[in-house]
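Listing of my_file-v1.txt, compact mmCIF, C-alpha atoms
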# COMPACT_ATOMS: atom_id res chain seq x y z
CA MET G 60 0.00 0.00 0.00
CA ALA G 61 2.87 2.40 0.76
CA GLN G 62 4.05 2.45 -2.86
CA GLN G 63 0.81 3.90 -4.18
CA HIS G 64 1.04 6.89 -1.81
CA LEU G 65 2.77 10.07 -2.85
CA ASP G 66 5.66 10.75 -0.49
CA PRO G 67 4.46 14.23 0.58
CA THR G 68 1.03 12.92 1.51
CA ASP G 69 1.76 9.49 2.93
CA PRO G 70 1.17 9.58 6.70
CA THR G 71 1.07 5.80 7.14
CA ALA G 72 4.43 5.60 8.83
CA GLY G 73 4.24 5.81 12.59
CA SER G 74 0.43 5.50 12.73
CA SER G 75 0.49 3.51 15.95
CA PRO G 76 2.01 6.29 18.10
CA ARG G 77 -0.76 8.64 16.95
CA LEU G 78 -3.32 6.26 18.38
CA ALA G 79 -1.51 5.64 21.65
CA VAL G 80 -3.38 6.72 24.77
CA PRO G 81 -1.40 8.13 27.69
CA PRO G 82 -1.50 5.41 30.35
CA ASP G 83 -3.40 6.14 33.51
CA ARG G 84 -3.46 3.10 35.74
CA ARG G 85 -5.87 4.80 38.11
CA ASP G 86 -8.57 4.72 35.45
CA PRO G 87 -10.40 1.36 35.55
CA ARG G 88 -11.30 1.77 31.87
CA VAL G 89 -7.61 1.64 30.93
CA GLN G 90 -5.56 -1.50 31.50
CA GLY G 91 -1.81 -0.94 31.34
CA GLY G 92 -2.32 2.08 29.07
CA THR G 93 -4.69 0.18 26.77
CA PRO G 94 -8.19 1.63 26.18
CA VAL G 95 -10.73 -1.16 26.58
CA GLY G 96 -14.46 -1.67 26.17
CA GLU G 97 -15.52 0.56 29.03
CA VAL G 98 -13.96 3.55 27.23
CA LEU G 99 -16.26 2.82 24.29
CA ALA G 100 -19.25 2.37 26.58
CA ASP G 101 -18.61 5.67 28.35
CA TYR G 102 -18.32 7.53 25.05
CA LEU G 103 -21.56 6.09 23.72
CA ARG G 104 -23.36 6.85 26.98
CA ASP G 105 -22.13 10.44 26.85
CA GLN G 106 -23.33 10.89 23.28
CA ALA G 107 -26.70 9.29 24.07
CA THR G 108 -27.12 11.66 27.01
CA GLU G 109 -26.29 14.61 24.76
CA PHE G 110 -28.84 13.35 22.21
CA LEU G 111 -31.59 13.24 24.83
CA ARG G 112 -30.62 16.65 26.22
CA SER G 113 -30.71 18.21 22.75
CA LEU G 114 -34.05 16.57 21.99
CA ARG G 115 -35.57 18.02 25.14
CA GLN G 116 -34.19 21.47 24.32
CA HIS G 117 -35.51 21.24 20.76
CA ARG G 118 -39.00 20.46 22.03
CA GLU G 119 -38.89 23.27 24.57
CA THR G 120 -37.71 25.95 22.13
CA GLY G 121 -40.31 25.21 19.49
CA ALA G 122 -40.00 24.04 15.90
CA ALA G 123 -41.19 26.92 13.72
CA ALA G 124 -39.60 27.19 10.28
CA GLY G 125 -36.39 29.17 10.54
CA GLY G 126 -36.97 29.04 14.33
CA SER G 127 -35.08 30.66 17.18
CA THR G 128 -31.36 30.44 17.65
CA ASP G 129 -31.89 28.05 20.57
CA SER G 130 -34.03 25.78 18.41
CA VAL G 131 -31.48 25.77 15.58
CA ASP G 132 -28.65 25.07 18.03
CA ALA G 133 -30.64 22.21 19.58
CA ALA G 134 -31.29 20.65 16.17
CA ARG G 135 -27.60 20.95 15.30
CA ALA G 136 -26.59 19.31 18.59
CA LEU G 137 -29.13 16.55 17.99
CA ARG G 138 -27.64 15.83 14.57
CA ARG G 139 -24.11 15.97 15.95
CA SER G 140 -24.75 13.39 18.66
CA ALA G 141 -26.66 11.15 16.24
CA ARG G 142 -23.72 11.22 13.82
CA ARG G 143 -21.25 10.39 16.56
CA ILE G 144 -23.28 7.47 17.85
CA SER G 145 -23.78 6.10 14.33
CA GLY G 146 -20.12 6.56 13.37
CA THR G 147 -18.87 4.95 16.58
CA LEU G 148 -21.18 1.98 16.10
CA HIS G 149 -19.70 1.58 12.61
CA THR G 150 -16.03 1.79 13.64
CA PHE G 151 -16.29 -0.44 16.70
CA ARG G 152 -19.04 -2.79 15.48
CA PRO G 153 -17.06 -6.03 16.26
CA LEU G 154 -17.28 -5.10 19.95
CA LEU G 155 -21.03 -4.48 19.97
CA ASP G 156 -24.10 -6.66 19.69
CA THR G 157 -24.44 -7.08 15.92
CA ASP G 158 -28.22 -7.11 15.54
CA TRP G 159 -28.64 -4.10 17.79
CA SER G 160 -25.92 -1.94 16.23
CA GLU G 161 -26.74 -2.82 12.62
CA GLY G 162 -30.38 -2.02 13.28
CA MET G 163 -29.66 1.30 14.96
CA ARG G 164 -27.07 2.79 12.60
CA PRO G 165 -29.32 3.32 9.56
CA GLU G 166 -32.04 4.81 11.75
CA LEU G 167 -29.63 7.37 13.18
CA ALA G 168 -28.39 8.18 9.68
CA TRP G 169 -32.00 8.68 8.54
CA LEU G 170 -32.69 11.03 11.43
CA SER G 171 -29.51 13.05 11.00
CA GLY G 172 -30.07 13.41 7.26
CA THR G 173 -33.70 14.42 7.67
CA LEU G 174 -32.90 17.08 10.24
CA ALA G 175 -29.97 18.46 8.20
CA ARG G 176 -31.88 19.29 5.03
CA GLU G 177 -33.67 22.43 6.20
CA HIS G 178 -30.45 24.03 7.39
CA ALA G 179 -28.65 22.91 4.22
CA TYR G 180 -31.17 24.61 1.92
CA ALA G 181 -31.04 27.82 3.94
CA ALA G 182 -27.23 27.86 3.93
CA ARG G 183 -27.16 27.08 0.19
CA LEU G 184 -29.46 30.00 -0.61
CA GLU G 185 -27.39 32.37 1.53
CA ARG G 186 -24.22 31.19 -0.20
CA LEU G 187 -25.63 31.60 -3.71
CA LEU G 188 -27.18 35.03 -3.10
CA GLY G 189 -23.94 36.23 -1.54
CA ALA G 190 -22.00 35.00 -4.57
CA LEU G 191 -24.41 36.71 -6.93
CA ASN G 192 -23.96 39.99 -5.09
CA ARG G 193 -20.20 39.60 -5.24
CA LEU G 194 -20.19 38.70 -8.93
CA SER G 195 -22.54 41.56 -9.81
CA GLY G 196 -19.97 44.11 -8.74
CA PRO G 197 -20.35 47.21 -6.58
CA THR G 198 -23.76 48.13 -8.08
CA GLY G 199 -25.32 44.95 -6.69
CA PHE G 200 -28.81 43.85 -7.69
CA PRO G 201 -31.12 46.20 -9.59
CA THR G 202 -32.97 48.67 -7.37
CA GLN G 203 -36.53 49.98 -7.57
CA THR G 204 -37.38 53.57 -8.53
CA ALA G 205 -40.15 55.50 -6.80
CA GLY G 206 -42.48 54.49 -9.61
CA GLY G 207 -41.71 50.83 -9.10
CA SER G 208 -39.71 50.17 -12.29
CA ASP G 209 -36.25 48.63 -12.28
CA VAL G 210 -33.20 50.78 -12.77
CA PRO G 211 -31.08 48.72 -15.18
CA PRO G 212 -27.47 48.86 -13.98
CA LYS G 213 -24.58 48.38 -16.34
CA GLY G 214 -23.36 44.91 -17.14
CA HIS G 215 -25.14 41.87 -18.55
CA LEU G 216 -24.48 39.82 -15.39
CA THR G 217 -26.09 42.41 -13.11
CA ILE G 218 -29.19 42.56 -15.30
CA GLY G 219 -29.74 38.82 -14.97
CA ALA G 220 -28.54 38.52 -11.39
CA ALA G 221 -31.73 39.90 -9.84
CA LYS G 222 -33.94 37.42 -11.67
CA ALA G 223 -31.48 34.60 -11.02
CA GLY G 224 -31.55 35.47 -7.32
CA ALA G 225 -35.34 35.56 -7.28
CA LEU G 226 -35.51 32.19 -9.03
CA LEU G 227 -33.07 30.60 -6.58
CA ASP G 228 -34.95 32.17 -3.68
CA ARG G 229 -38.23 30.62 -4.82
CA GLN G 230 -36.77 27.20 -5.49
CA LEU G 231 -34.64 26.87 -2.36
CA THR G 232 -37.19 28.46 -0.03
CA LEU G 233 -39.76 25.96 -1.26
CA ALA G 234 -37.28 23.14 -0.74
CA ARG G 235 -36.51 24.43 2.75
CA THR G 236 -40.19 24.61 3.66
CA ARG G 237 -40.73 21.06 2.49
CA ALA G 238 -37.66 19.91 4.43
CA HIS G 239 -38.99 21.61 7.55
CA SER G 240 -42.33 19.84 7.17
CA ALA G 241 -40.54 16.53 6.62
CA ALA G 242 -38.46 17.07 9.77
CA LEU G 243 -41.56 17.83 11.85
CA GLN G 244 -43.28 14.76 10.46
CA ALA G 245 -40.21 12.64 11.21
CA LEU G 246 -39.96 13.89 14.81
CA GLY G 247 -43.59 12.95 15.39
CA SER G 248 -43.37 9.53 13.78
CA SER G 249 -43.30 6.15 15.44
CA ARG G 250 -40.00 5.54 13.66
CA PHE G 251 -38.39 8.45 15.48
CA HIS G 252 -39.85 7.44 18.83
CA ALA G 253 -38.30 4.00 18.35
CA VAL G 254 -34.92 5.65 17.70
CA ALA G 255 -35.29 7.89 20.77
CA ASP G 256 -36.21 4.88 22.91
CA SER G 257 -33.13 3.01 21.72
CA VAL G 258 -30.92 6.00 22.50
CA ALA G 259 -32.51 6.30 25.96
CA VAL G 260 -31.58 2.68 26.66
CA LEU G 261 -28.07 3.34 25.33
CA ALA G 262 -27.64 6.17 27.82
CA SER G 263 -27.66 3.61 30.63
CA GLU G 264 -26.77 0.29 29.01
CA VAL G 265 -24.33 -0.33 26.14
CA PRO G 266 -24.62 -3.83 24.60
CA LEU G 267 -20.94 -4.74 24.44
CA THR G 268 -19.85 -8.23 23.52
CA THR G 269 -18.21 -10.40 26.17
CA ALA G 270 -14.81 -9.99 24.53
CA ALA G 271 -15.11 -6.19 24.47
CA THR G 272 -14.44 -5.87 28.19
CA ALA G 273 -10.71 -6.42 27.77
CA ALA G 274 -10.38 -5.71 24.04
CA ASP G 275 -7.94 -3.05 22.84
CA LEU G 276 -9.83 -0.36 20.94
CA ARG G 277 -6.80 0.94 19.06
CA PRO G 278 -6.69 -1.60 16.20
CA LEU G 279 -10.26 -0.74 15.16
CA ALA G 280 -9.49 2.98 15.40
CA ALA G 281 -6.32 2.42 13.35
CA ALA G 282 -8.37 0.59 10.71
CA ALA G 283 -10.60 3.66 10.39
CA GLN G 284 -7.48 5.77 9.97
CA ASP G 285 -6.12 3.42 7.30
CA ARG G 286 -9.37 3.61 5.33
CA LEU G 287 -9.04 7.38 5.35
CA ILE G 288 -5.41 7.25 4.24
CA ASP G 289 -6.24 4.88 1.37
CA ALA G 290 -9.10 7.10 0.21
CA VAL G 291 -6.90 10.21 0.28
CA ALA G 292 -4.22 8.35 -1.67
CA ALA G 293 -6.74 7.77 -4.45
CA LEU G 294 -7.50 11.51 -4.79
CA PRO G 295 -5.77 13.60 -7.48
CA LEU G 296 -3.76 15.60 -4.94
CA LEU G 297 -1.19 16.66 -7.51
CA THR G 298 -3.96 18.24 -9.58
CA ALA G 299 -5.41 19.79 -6.44
CA GLY G 300 -2.01 21.38 -5.86
CA HIS G 301 -3.11 24.10 -8.28
CA PRO G 302 -6.12 25.97 -6.87
CA TYR G 303 -7.83 26.85 -10.15
CA ASN G 304 -7.11 24.09 -12.64
CA ALA G 305 -10.54 24.01 -14.34
CA GLU G 306 -10.91 20.26 -13.79
CA ALA G 307 -14.23 20.88 -12.06
CA LEU G 308 -15.67 22.79 -15.02
CA VAL G 309 -15.62 19.81 -17.39
CA HIS G 310 -19.07 18.68 -16.32
CA GLY G 311 -20.44 22.13 -17.16
CA LEU G 312 -24.11 22.96 -17.52
CA SER G 313 -25.13 19.89 -19.48
CA ALA G 314 -28.64 18.52 -19.49
CA ASP G 315 -27.45 15.73 -17.19
CA ALA G 316 -28.77 16.44 -13.70
CA ALA G 317 -26.56 13.79 -12.06
CA PRO G 318 -24.03 14.95 -9.46
CA HIS G 319 -20.61 15.97 -10.70
CA PRO G 320 -18.69 12.72 -11.27
CA GLN G 321 -15.49 14.05 -9.69
CA ASP G 322 -17.10 14.98 -6.38
CA ALA G 323 -17.98 11.54 -5.01
CA PRO G 324 -14.44 10.50 -3.94
CA TRP G 325 -14.00 13.79 -2.07
CA HIS G 326 -17.34 13.39 -0.31
CA GLN G 327 -16.26 9.88 0.70
CA VAL G 328 -13.03 11.21 2.15
CA ARG G 329 -15.06 13.74 4.15
CA LEU G 330 -17.11 10.93 5.68
CA LEU G 331 -14.03 8.83 6.43
CA LEU G 332 -12.28 11.81 8.02
CA ARG G 333 -15.32 12.28 10.25
CA LEU G 334 -15.21 8.61 11.31
CA HIS G 335 -11.50 8.95 12.08
CA ARG G 336 -12.15 12.03 14.22
CA TYR G 337 -14.91 10.26 16.14
CA ALA G 338 -12.63 7.29 16.79
CA ARG G 339 -10.01 9.67 18.19
CA GLU G 340 -12.63 11.29 20.38
CA CYS G 341 -13.68 7.90 21.72
CA LEU G 342 -10.13 6.82 22.56
CA TYR G 343 -8.86 10.11 23.91
CA GLN G 344 -12.10 11.68 25.20
CA GLU G 345 -10.99 14.44 27.58
CA GLY G 346 -7.37 13.30 27.78
CA VAL G 347 -6.00 14.63 24.47
CA PRO G 348 -6.91 17.90 22.69
CA SER G 349 -8.45 17.79 19.24
CA ASP G 350 -6.05 17.87 16.30
CA VAL G 351 -6.31 21.31 14.66
CA ARG G 352 -4.74 19.95 11.45
CA LEU G 353 -7.49 17.38 11.04
CA LEU G 354 -10.00 20.09 11.87
CA GLY G 355 -8.61 22.27 9.07
CA ALA G 356 -8.81 19.38 6.60
CA GLY G 357 -12.40 18.71 7.66
CA GLN G 358 -13.37 22.35 7.23
CA ALA G 359 -11.93 22.35 3.71
CA LEU G 360 -14.01 19.28 2.83
CA ASP G 361 -17.11 20.91 4.32
CA ARG G 362 -16.55 23.90 2.04
CA HIS G 363 -16.04 21.49 -0.85
CA ARG G 364 -19.39 19.84 -0.17
CA ASP G 365 -21.19 23.19 0.23
CA ALA G 366 -19.74 24.62 -2.99
CA ALA G 367 -20.49 21.45 -4.97
CA GLU G 368 -24.11 21.43 -3.83
CA ALA G 369 -24.47 25.15 -4.51
CA ALA G 370 -23.12 24.66 -8.04
CA ALA G 371 -25.62 21.84 -8.55
CA ALA G 372 -28.45 24.13 -7.41
CA ALA G 373 -27.36 26.80 -9.90
CA ALA G 374 -27.20 24.20 -12.69
CA SER G 375 -30.65 22.95 -11.76
CA ALA G 376 -32.05 26.48 -11.89
CA VAL G 377 -30.62 26.94 -15.40
CA ARG G 378 -32.79 24.04 -16.54
CA THR G 379 -35.96 25.90 -15.52
CA PRO G 380 -38.15 26.23 -18.64
CA ARG G 381 -38.51 29.58 -20.39
CA ILE G 382 -36.01 31.61 -18.35
CA ALA G 383 -34.56 34.73 -19.93
CA PRO G 384 -31.11 34.52 -21.55
CA ALA G 385 -29.69 37.08 -19.09
CA THR G 386 -30.94 34.98 -16.18
CA ALA G 387 -29.40 31.83 -17.65
CA TYR G 388 -26.15 33.68 -18.21
CA ALA G 389 -26.02 34.88 -14.59
CA LEU G 390 -26.73 31.36 -13.34
CA GLY G 391 -24.02 29.97 -15.61
CA VAL G 392 -21.47 32.41 -14.20
CA LEU G 393 -22.65 31.51 -10.70
CA HIS G 394 -22.23 27.81 -11.46
CA ALA G 395 -18.68 28.37 -12.72
CA ASP G 396 -17.90 30.47 -9.65
CA GLN G 397 -19.01 27.72 -7.29
CA ARG G 398 -17.09 25.06 -9.22
CA HIS G 399 -13.99 27.23 -8.81
CA GLU G 400 -14.81 27.28 -5.08
CA VAL G 401 -14.83 23.48 -5.24
CA GLU G 402 -11.32 23.54 -6.69
CA ALA G 403 -10.15 26.04 -4.08
CA ALA G 404 -11.49 23.78 -1.30
CA ARG G 405 -9.62 20.82 -2.79
CA PHE G 406 -6.45 22.88 -2.81
CA ALA G 407 -7.02 23.88 0.85
CA PHE G 408 -7.54 20.24 1.81
CA GLN G 409 -4.35 19.23 0.01
CA GLN G 410 -2.42 21.88 1.93
CA SER G 411 -3.87 20.76 5.28
CA TRP G 412 -3.25 17.10 4.52
CA GLN G 413 0.36 17.70 3.58
CA LYS G 414 0.87 19.50 6.90
CA GLU G 415 -0.75 16.56 8.69
CA ALA G 416 1.59 14.13 6.93
CA ALA G 417 4.71 16.25 7.47
CA ARG G 418 4.11 16.57 11.23
CA THR G 419 3.22 12.92 11.80
CA PRO G 420 5.85 11.34 14.07
Written form, structure tokens:
Amino acid sequence: MAQQHLDPTDPTAGSSPRLAVPPDRRDPRVQGGTPVGEVLADYLRDQATEFLRSLRQHRETGAAAGGSTDSVDAARALRRSARRISGTLHTFRPLLDTDWSEGMRPELAWLSGTLAREHAYAARLERLLGALNRLSGPTGFPTQTAGGSDVPPKGHLTIGAAKAGALLDRQLTLARTRAHSAALQALGSSRFHAVADSVAVLASEVPLTTAATAADLRPLAAAAQDRLIDAVAALPLLTAGHPYNAEALVHGLSADAAPHPQDAPWHQVRLLLRLHRYARECLYQEGVPSDVRLLGAGQALDRHRDAAEAAAAAASAVRTPRIAPATAYALGVLHADQRHEVEAARFAFQQSWQKEAARTP
């Protein structure tokens, strides 16, 4: 495996020391410096408790569309704990009751995905309207005169930007409203109540296997790290070494509504990086600070995902029947702008990953 890695980005050497846990013989969860099953159980109980706390806060703060800051924060915390439970069940599944964990993971993924959509549509609209304002130049969108007619500013992009913004506003606001309704329906469903009941049980009782009591957690965490390393090795990091290489523009504004074919491997790396971070959290918990280099790489991949989805929304809007040429032009420029943002995020990830590899002991 080492030969297929580029030297500047191959952090496989010395992976074991990165997963070592400082020994603390006073801690009954740690045997001779080895994190064992009780470490995993404690982490899952903590995340289950956070899930239940966030759920209670979400119910208390209300669930109106675009609700209060407290409600939005509670929903975000609910998704975060659900992701951590699901990811931990995946990484450490050999140490957990198989039927229970395999039944719970997809339900948590369903819940997290359902709750995330409303926020995603709102953030996407904000991103696209901000980009349109930036691309339109200092004059911004067309303004209204006292008589109600538009004042046409200079520049073909600015003329179409207002209508492009209005079209995106209609489409994404509708999608957000539907996502909000779907989230409310999900939270009131018997399916959700079954998930909440399972998490409530998890908060007090973790179904570990008999062997998990004395099992070393580090090999499973290292396997999650290796999957991430392999996935990164398959990315075109040399191409990503140039921030604006136009690779992401090949797909263009074709009639094909499928996701950009180059994005999937990067999205997969984002998920694997998240699983690696959760495994580190489980092993280290409060004993070791979070790795800021991994955090930077994760933030770059989050921007990559956001820009890719924003570009897809712009491309979808272009396919709206009977839109004016100026509107289509503005949306095309917006699409290209967001695909360049995709490339910039790939470059930022490559820079963060090289720093991670260079500093690995």
List every residue of stretch 328-400 of chain G that has an atom at most 10 Å from any atom of stretch 273-280 of chain G, and for each one report the closest atom pair and its distance in Å to one decimal, counting all atoms listed in the file, with rows sorted by chain and then by increasing residue number, as a Markdown table.
| residue | atom | partner | partner_atom | distance |
| --- | --- | --- | --- | --- |
| G:Leu334 | CA | G:Ala280 | CA | 9.0 |
| G:His335 | CA | G:Ala280 | CA | 7.1 |
| G:Arg336 | CA | G:Ala280 | CA | 9.5 |
| G:Tyr337 | CA | G:Ala280 | CA | 9.1 |
| G:Ala338 | CA | G:Ala280 | CA | 5.5 |
| G:Arg339 | CA | G:Ala280 | CA | 7.3 |
| G:Cys341 | CA | G:Ala280 | CA | 9.0 |
| G:Leu342 | CA | G:Leu276 | CA | 7.4 |
Report summary line: Nearest to G:Thr150, restricted to only C-alpha atoms and choosing among G:Lys222, G:Arg138, G:Arg333, G:Arg398, comes out as G:Arg333
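As for atom CA of G:Gln284 and atom CA of G:Glu368, they are spaced 26.7 Å apart.
Comparing G:Asp285, G:Val98, G:Thr157, G:His178 by their smallest distance to G:Val131, the closest is G:His178 (using all atoms listed in the file).
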Query raised in the report: Any idea what's packed within 12 Å of G:Ser240, counting all atoms listed in the file, ignoring anything in its chain fewer than 2 positions away? Could you give it as a PyMOL selection string?
Result: chain G and resi 122-125+173-174+176-177+233-238+242-247
Report task. Rank nothing, just name the residue among G:Ile144, G:Leu167, G:Val377, G:Ala383 nearest to G:Val254, using all atoms listed in the file. Result -> G:Leu167
**Report entry** One-decimal distance in Å that lies between atom CA of G:Asp228 and atom CA of G:Arg142
**Finding:** 29.5 Å
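For the residues G:Leu294, G:Leu390, G:Ala403, G:Leu353, ranking by smallest atom-to-atom distance to G:Ser375 using all atoms listed in the file places G:Leu390 first.
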Query raised in the report: Out of G:Ala255, G:Phe408, G:Tyr180, G:Glu161, which residue has the shortest atom-to-atom distance to G:Leu114 when counting only C-alpha atoms?
Result: G:Ala255
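Between atom CA of G:Gly146 and atom CA of G:Glu400 the interatomic distance comes to 28.2 Å.
Nearest to G:Arg405 of all the residues G:Arg329, G:Arg143, G:Arg352, G:Arg381 is G:Arg329, based on only C-alpha atoms.
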Report task. Taking the point (-18.0, 20.6, -1.7) as given in the file, collect each protein or nucleic acid residue that comes within 12 Å of it, counting all atoms listed in the file, and present the set as an MDAnalysis selection string. Result -> chainID G and resid 183 307 318:319 321:329 357:371 397:408
